[in-house]
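structure_13.txt follows; it contains compact mmCIF, C-alpha atoms.
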# COMPACT_ATOMS: atom_id res chain seq x y z
CA MET U 1 -14.68 -22.56 -0.98
CA THR U 2 -14.88 -20.13 1.92
CA HIS U 3 -11.79 -18.04 1.07
CA PHE U 4 -12.28 -15.37 -1.57
CA CYS U 5 -10.07 -12.83 -3.30
CA LEU U 6 -11.19 -9.59 -4.93
CA GLU U 7 -9.18 -7.23 -7.10
CA VAL U 8 -10.28 -3.66 -6.40
CA SER U 9 -9.09 -0.43 -8.00
CA GLY U 10 -9.86 3.23 -8.38
CA PRO U 11 -8.36 6.60 -9.35
CA PHE U 12 -8.39 7.86 -5.74
CA ALA U 13 -8.52 6.40 -2.23
CA CYS U 14 -8.43 7.69 1.33
CA PHE U 15 -8.13 5.34 4.31
CA THR U 16 -8.26 8.07 6.91
CA ARG U 17 -5.91 8.08 9.88
CA PRO U 18 -8.11 8.55 12.98
CA GLU U 19 -5.53 10.78 14.68
CA MET U 20 -6.14 13.50 12.07
CA LYS U 21 -8.98 15.61 13.48
CA VAL U 22 -9.81 18.10 10.70
CA GLU U 23 -8.13 17.39 7.38
CA ARG U 24 -8.05 13.85 5.99
CA VAL U 25 -4.73 12.05 5.62
CA SER U 26 -4.70 8.50 4.29
CA TYR U 27 -2.77 5.49 5.51
CA ASP U 28 -0.20 4.26 2.98
CA VAL U 29 -2.37 1.27 2.10
CA MET U 30 -5.91 -0.03 2.51
CA THR U 31 -7.00 -0.93 6.05
CA PRO U 32 -8.65 -4.27 6.95
CA SER U 33 -11.90 -2.49 7.86
CA ALA U 34 -12.03 -0.87 4.40
CA ALA U 35 -11.41 -4.26 2.78
CA ARG U 36 -14.17 -5.84 4.89
CA ALA U 37 -16.57 -3.08 3.82
CA ILE U 38 -15.99 -3.95 0.16
CA PHE U 39 -16.86 -7.61 0.73
CA GLU U 40 -19.94 -6.55 2.72
CA ALA U 41 -21.04 -4.21 -0.09
CA ILE U 42 -21.36 -7.30 -2.28
CA LEU U 43 -22.91 -9.61 0.32
CA TRP U 44 -23.76 -9.23 3.99
CA LYS U 45 -26.26 -11.02 6.22
CA PRO U 46 -26.59 -11.13 10.03
CA GLN U 47 -25.82 -14.85 9.77
CA MET U 48 -22.33 -14.28 8.32
CA ARG U 49 -19.20 -12.20 8.71
CA TRP U 50 -15.98 -11.55 6.80
CA ARG U 51 -12.47 -11.99 8.20
CA VAL U 52 -9.81 -10.21 6.11
CA SER U 53 -6.53 -12.11 6.07
CA ARG U 54 -4.29 -10.47 3.45
CA ILE U 55 -3.97 -7.27 1.43
CA GLU U 56 -1.74 -7.18 -1.66
CA VAL U 57 -0.65 -3.84 -3.10
CA LEU U 58 -0.43 -4.13 -6.89
CA LYS U 59 0.53 -0.57 -7.87
CA PRO U 60 3.20 1.78 -6.50
CA ILE U 61 2.04 4.08 -3.70
CA HIS U 62 1.45 7.59 -5.06
CA TRP U 63 -0.01 10.60 -3.27
CA VAL U 64 -2.03 13.65 -4.27
CA ASN U 65 -3.15 16.80 -2.45
CA LEU U 66 -6.79 17.75 -3.05
CA ARG U 67 -9.14 20.36 -1.67
CA ARG U 68 -12.75 19.28 -1.31
CA ASN U 69 -16.05 20.77 -0.23
CA GLU U 70 -17.33 19.22 2.99
CA VAL U 71 -20.32 19.89 5.23
CA LYS U 72 -19.20 20.87 8.74
CA GLU U 73 -22.50 20.15 10.51
CA LYS U 74 -24.91 17.23 10.65
CA ILE U 75 -28.58 16.78 11.46
CA LEU U 76 -28.95 16.24 15.20
CA THR U 77 -30.33 12.96 16.49
CA SER U 78 -32.60 14.93 18.82
CA ASN U 79 -34.20 16.63 15.81
CA VAL U 80 -34.89 13.25 14.22
CA GLU U 81 -36.41 11.89 17.44
CA ARG U 82 -38.59 15.00 17.82
CA ALA U 83 -39.79 14.68 14.23
CA MET U 84 -40.68 11.04 14.82
CA LYS U 85 -42.77 11.96 17.86
CA GLU U 86 -44.36 15.19 16.60
CA GLY U 87 -44.52 14.49 12.88
CA LYS U 88 -42.38 17.51 12.01
CA GLY U 89 -38.95 18.92 12.72
CA GLN U 90 -35.74 20.42 11.36
CA LEU U 91 -34.49 17.65 9.10
CA HIS U 92 -32.43 19.54 6.56
CA LEU U 93 -29.22 21.55 6.28
CA ASN U 94 -28.48 24.53 4.08
CA ILE U 95 -25.34 23.34 2.34
CA GLU U 96 -24.33 26.85 1.31
CA ASP U 97 -24.23 27.89 4.98
CA GLU U 98 -22.44 24.77 6.26
CA ARG U 99 -19.98 24.14 3.43
CA VAL U 100 -16.24 24.40 4.06
CA GLN U 101 -13.16 23.62 1.98
CA ARG U 102 -10.65 21.23 3.50
CA ALA U 103 -7.39 19.86 2.17
CA GLY U 104 -6.73 16.15 2.01
CA TYR U 105 -3.69 13.96 1.39
CA PHE U 106 -4.99 11.02 -0.64
CA LEU U 107 -3.75 8.02 -2.57
CA ARG U 108 -4.12 7.96 -6.34
CA ASP U 109 -4.32 5.22 -8.95
CA VAL U 110 -4.60 2.28 -6.55
CA THR U 111 -5.12 -1.44 -7.13
CA TYR U 112 -5.29 -4.11 -4.42
CA ARG U 113 -6.05 -7.77 -4.12
CA ILE U 114 -7.86 -8.40 -0.86
CA HIS U 115 -8.33 -11.85 0.68
CA ALA U 116 -11.05 -12.76 3.17
CA GLU U 117 -12.77 -15.76 4.67
CA LEU U 118 -16.55 -16.07 4.95
CA LEU U 119 -17.63 -17.31 8.38
CA LEU U 120 -20.97 -18.04 10.03
CA THR U 121 -22.01 -16.13 13.15
CA GLY U 122 -24.33 -18.80 14.55
CA LYS U 123 -27.41 -16.57 14.20
CA GLY U 124 -29.06 -18.74 11.56
CA SER U 125 -29.47 -22.34 10.46
CA ASP U 126 -28.62 -22.01 6.76
CA PRO U 127 -25.48 -23.86 5.61
CA LEU U 128 -22.32 -21.96 4.77
CA ILE U 129 -22.47 -23.11 1.13
CA LYS U 130 -25.61 -21.00 0.62
CA TYR U 131 -23.69 -17.79 1.28
CA THR U 132 -20.53 -18.82 -0.57
CA GLU U 133 -22.57 -19.54 -3.68
CA MET U 134 -24.43 -16.23 -3.34
CA PHE U 135 -21.16 -14.31 -3.07
CA THR U 136 -19.56 -16.17 -5.98
CA ARG U 137 -22.57 -15.49 -8.19
CA ARG U 138 -22.81 -11.80 -7.30
CA SER U 139 -19.11 -10.96 -7.45
CA SER U 140 -18.54 -12.82 -10.73
CA LYS U 141 -21.37 -10.77 -12.32
CA GLY U 142 -20.21 -7.46 -10.81
CA GLN U 143 -23.33 -7.20 -8.66
CA CYS U 144 -23.41 -5.47 -5.28
CA VAL U 145 -25.93 -4.20 -2.73
CA ASN U 146 -24.06 -0.93 -2.23
CA GLN U 147 -21.40 0.66 -4.41
CA PRO U 148 -18.00 -0.39 -2.95
CA TYR U 149 -15.68 2.49 -2.18
CA LEU U 150 -12.06 3.07 -1.25
CA GLY U 151 -12.23 4.66 2.19
CA CYS U 152 -14.51 7.58 1.28
CA ARG U 153 -17.85 7.13 -0.47
CA GLU U 154 -16.96 9.52 -3.28
CA PHE U 155 -13.98 7.28 -4.18
CA SER U 156 -15.91 4.41 -5.74
CA ALA U 157 -14.11 1.13 -6.40
CA GLY U 158 -14.23 -1.21 -9.34
CA PHE U 159 -13.97 -4.88 -8.41
CA ARG U 160 -13.72 -8.36 -9.87
CA LEU U 161 -13.56 -11.83 -8.39
CA VAL U 162 -10.12 -13.44 -8.60
CA THR U 163 -10.29 -17.14 -9.48
CA ALA U 164 -7.84 -19.84 -10.47
CA ASP U 165 -8.23 -18.71 -14.09
CA THR U 166 -7.38 -15.06 -13.36
CA PRO U 167 -3.91 -14.11 -14.63
CA PRO U 168 -1.49 -13.75 -11.70
CA VAL U 169 -0.15 -10.31 -10.80
CA GLN U 170 2.94 -9.63 -8.71
CA PRO U 171 2.57 -7.21 -5.78
CA ILE U 172 4.93 -4.24 -5.71
CA ALA U 173 8.50 -4.81 -4.53
CA ASP U 174 8.13 -2.50 -1.54
CA THR U 175 8.83 -3.41 2.07
CA ARG U 176 8.10 -0.93 4.84
CA ASP U 177 6.89 -0.60 8.41
CA LEU U 178 3.39 0.90 8.21
CA GLY U 179 3.19 1.70 11.91
CA TRP U 180 0.02 1.26 13.94
CA MET U 181 -2.98 0.87 11.66
CA LEU U 182 -6.69 0.66 12.29
CA HIS U 183 -7.81 -2.96 12.17
CA ASP U 184 -11.55 -2.51 12.78
CA MET U 185 -14.11 -1.31 15.29
CA ASP U 186 -15.04 -3.42 18.31
CA TYR U 187 -18.83 -3.48 18.70
CA THR U 188 -18.91 -5.52 21.90
CA HIS U 189 -20.76 -2.54 23.38
CA PRO U 190 -22.84 -1.20 20.45
CA SER U 191 -23.47 2.16 22.14
CA ASP U 192 -19.72 2.73 22.58
CA PRO U 193 -17.72 1.09 19.76
CA GLN U 194 -13.95 1.17 20.24
CA PRO U 195 -11.17 1.13 17.61
CA ARG U 196 -8.66 -1.71 17.56
CA PHE U 197 -5.19 -1.42 16.01
CA PHE U 198 -2.40 -3.67 14.77
CA ARG U 199 1.22 -3.12 13.78
CA GLY U 200 1.20 -3.07 9.99
CA GLN U 201 4.14 -4.49 8.09
CA MET U 202 4.31 -4.65 4.30
CA ASN U 203 6.70 -7.28 2.93
CA ALA U 204 7.21 -7.19 -0.84
CA GLY U 205 3.82 -5.52 -1.26
CA VAL U 206 1.91 -7.95 1.00
CA ILE U 207 0.29 -7.16 4.36
CA GLU U 208 -0.65 -10.18 6.44
CA VAL U 209 -3.62 -9.19 8.62
CA PRO U 210 -3.69 -10.76 12.10
CA PRO U 211 -6.98 -12.03 13.58
CA PHE U 212 -9.13 -9.28 15.09
CA GLU U 213 -8.76 -10.93 18.51
CA GLU U 214 -5.05 -10.05 18.44
CA ALA U 215 -5.66 -6.35 17.76
CA VAL U 216 -5.12 -3.89 20.61
CA GLY U 217 -7.11 -0.86 21.75
Go through the file and emit its structure as C-alpha cells.
Amino acid sequence: MTHFCLEVSGPFACFTRPEMKVERVSYDVMTPSAARAIFEAILWKPQMRWRVSRIEVLKPIHWVNLRRNEVKEKILTSNVERAMKEGKGQLHLNIEDERVQRAGYFLRDVTYRIHAELLLTGKGSDPLIKYTEMFTRRSSKGQCVNQPYLGCREFSAGFRLVTADTPPVQPIADTRDLGWMLHDMDYTHPSDPQPRFFRGQMNAGVIEVPPFEEAVG
C-alpha cells in the first residue's frame, strides 16, 4: 500500500493566506502543503516524497478572532555567520523589546482526513515497501519525528492512521469555491523558492488536490 489516509484534528488551526502581510488570516480549509507537512512530521527521508491527493473536511467551518504575542524581529543570518567564523556573536533577542500583539482570524475545532501517496525520489536504492512499512508502524503507534501542527506550530495536531477497520465518517455537506489557494512551494531553485497555487473547489466537504505540476505561479 502506497496510499495513506490520516485523520487529524485540533482546537485551533491557521493556514495563513500569503497575501496577508501583517496579521494572520487563515484559508477556509487546510492547504496541501500543510497536509504534506503532517505526513513528513511522521516520516520523511531524502529518498521519498509525499503527494497529497485529497482533503476531507469532517467538521463545520468555524472561525475565531484571537490576539497573540509575536516576535517582530529575527536573528540575522549575518550574525550567525560571524559567530561561526569568530566564535562569538549576537545570537539572542530580548523578547520583551521585540514582542508585539497581533490579531489573527483562525479556524477552531477542526478535523480533516488527508490522503497522500508515498513516492520514491530516485535518490536511494531501498525498495518502496521499506518506507511504507515504516510509516504504517509509526503512524499506527502515534509516533512522529516532529510534533504535527495545523498551519502554525503552536496549533498542534492529533493524528491517527485511517485503515479499512476505521469507522467511516461523512465529510460536511458544504460546497463552495475556495478561490486560489497555496498548493506548495517550488524548490527548483533552492535559493529562490516560489509559491504555486491552484483553484480550490470543495464539493460536499471534499477537496480534490491536483498534481503539483498543474499548479500555477
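Distance annotation: of U:Arg153, U:His3, U:Arg102, U:Arg17, the residue with the minimal separation from Phe197 (chain U) is U:Arg17; atom set is only C-alpha atoms.
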Show me as a VMD selection string the residues that reach within 9 Å of (-12.5, 17.1, 9.5), counting only C-alpha atoms and using the file's own coordinates.
chain U and resid 20 to 24 70 72 102
I'd like the contact shell of Trp180 (chain U) - 8 Å cut-off, all atoms listed in the file, skipping same-chain residues fewer than 6 positions apart - returned as a PDB file with C-alpha atoms, in the coordinates of the input.
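Done, and the output landed in result09.pdb:
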ATOM      1  CA  PHE U 197      -5.190  -1.420  16.010  1.00  0.00           C
ATOM      2  CA  PHE U 198      -2.400  -3.670  14.770  1.00  0.00           C
ATOM      3  CA  ARG U 199       1.220  -3.120  13.780  1.00  0.00           C
ATOM      4  CA  GLY U 200       1.200  -3.070   9.990  1.00  0.00           C
TER       5      GLY U 200
END
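Among the candidate residues U:Pro171, U:Gly217, U:Gly104, U:Gly179, the one lying nearest to Arg54 (chain U) is U:Pro171, with distances computed using all atoms listed in the file.
Between Asn146 (chain U) and the candidates U:Glu56, U:Asp28, U:Glu40, U:Glu19, the tightest atom-to-atom separation, counting all atoms listed in the file, involves U:Glu40.
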All residues 7 Å or closer to Gln201 (chain U), all atoms listed in the file, same chain fewer than 4 positions away omitted, as a ChimeraX atom specification:
/U:176-178,207
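Atom pair CA of Leu43 (chain U) / CA of Gln194 (chain U) has a distance of 24.4 Å (rounded to one decimal).
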State, in Å with one decimal place, the distance from CA of His62 (chain U) to CA of Leu107 (chain U).
5.8 Å
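Put simply, CA of Lys123 (chain U) is 6.9 Å away from CA of Pro46 (chain U).
Minimum distance to Val169 (chain U) across U:Thr136, U:Ser156, U:Thr111, U:Thr188 (counting all atoms listed in the file) occurs at U:Thr111.
Closest approach to Cys152 (chain U) among U:Thr132, U:Ser140, U:Thr16, U:Gln90 is made by U:Thr16 (distances from only C-alpha atoms).
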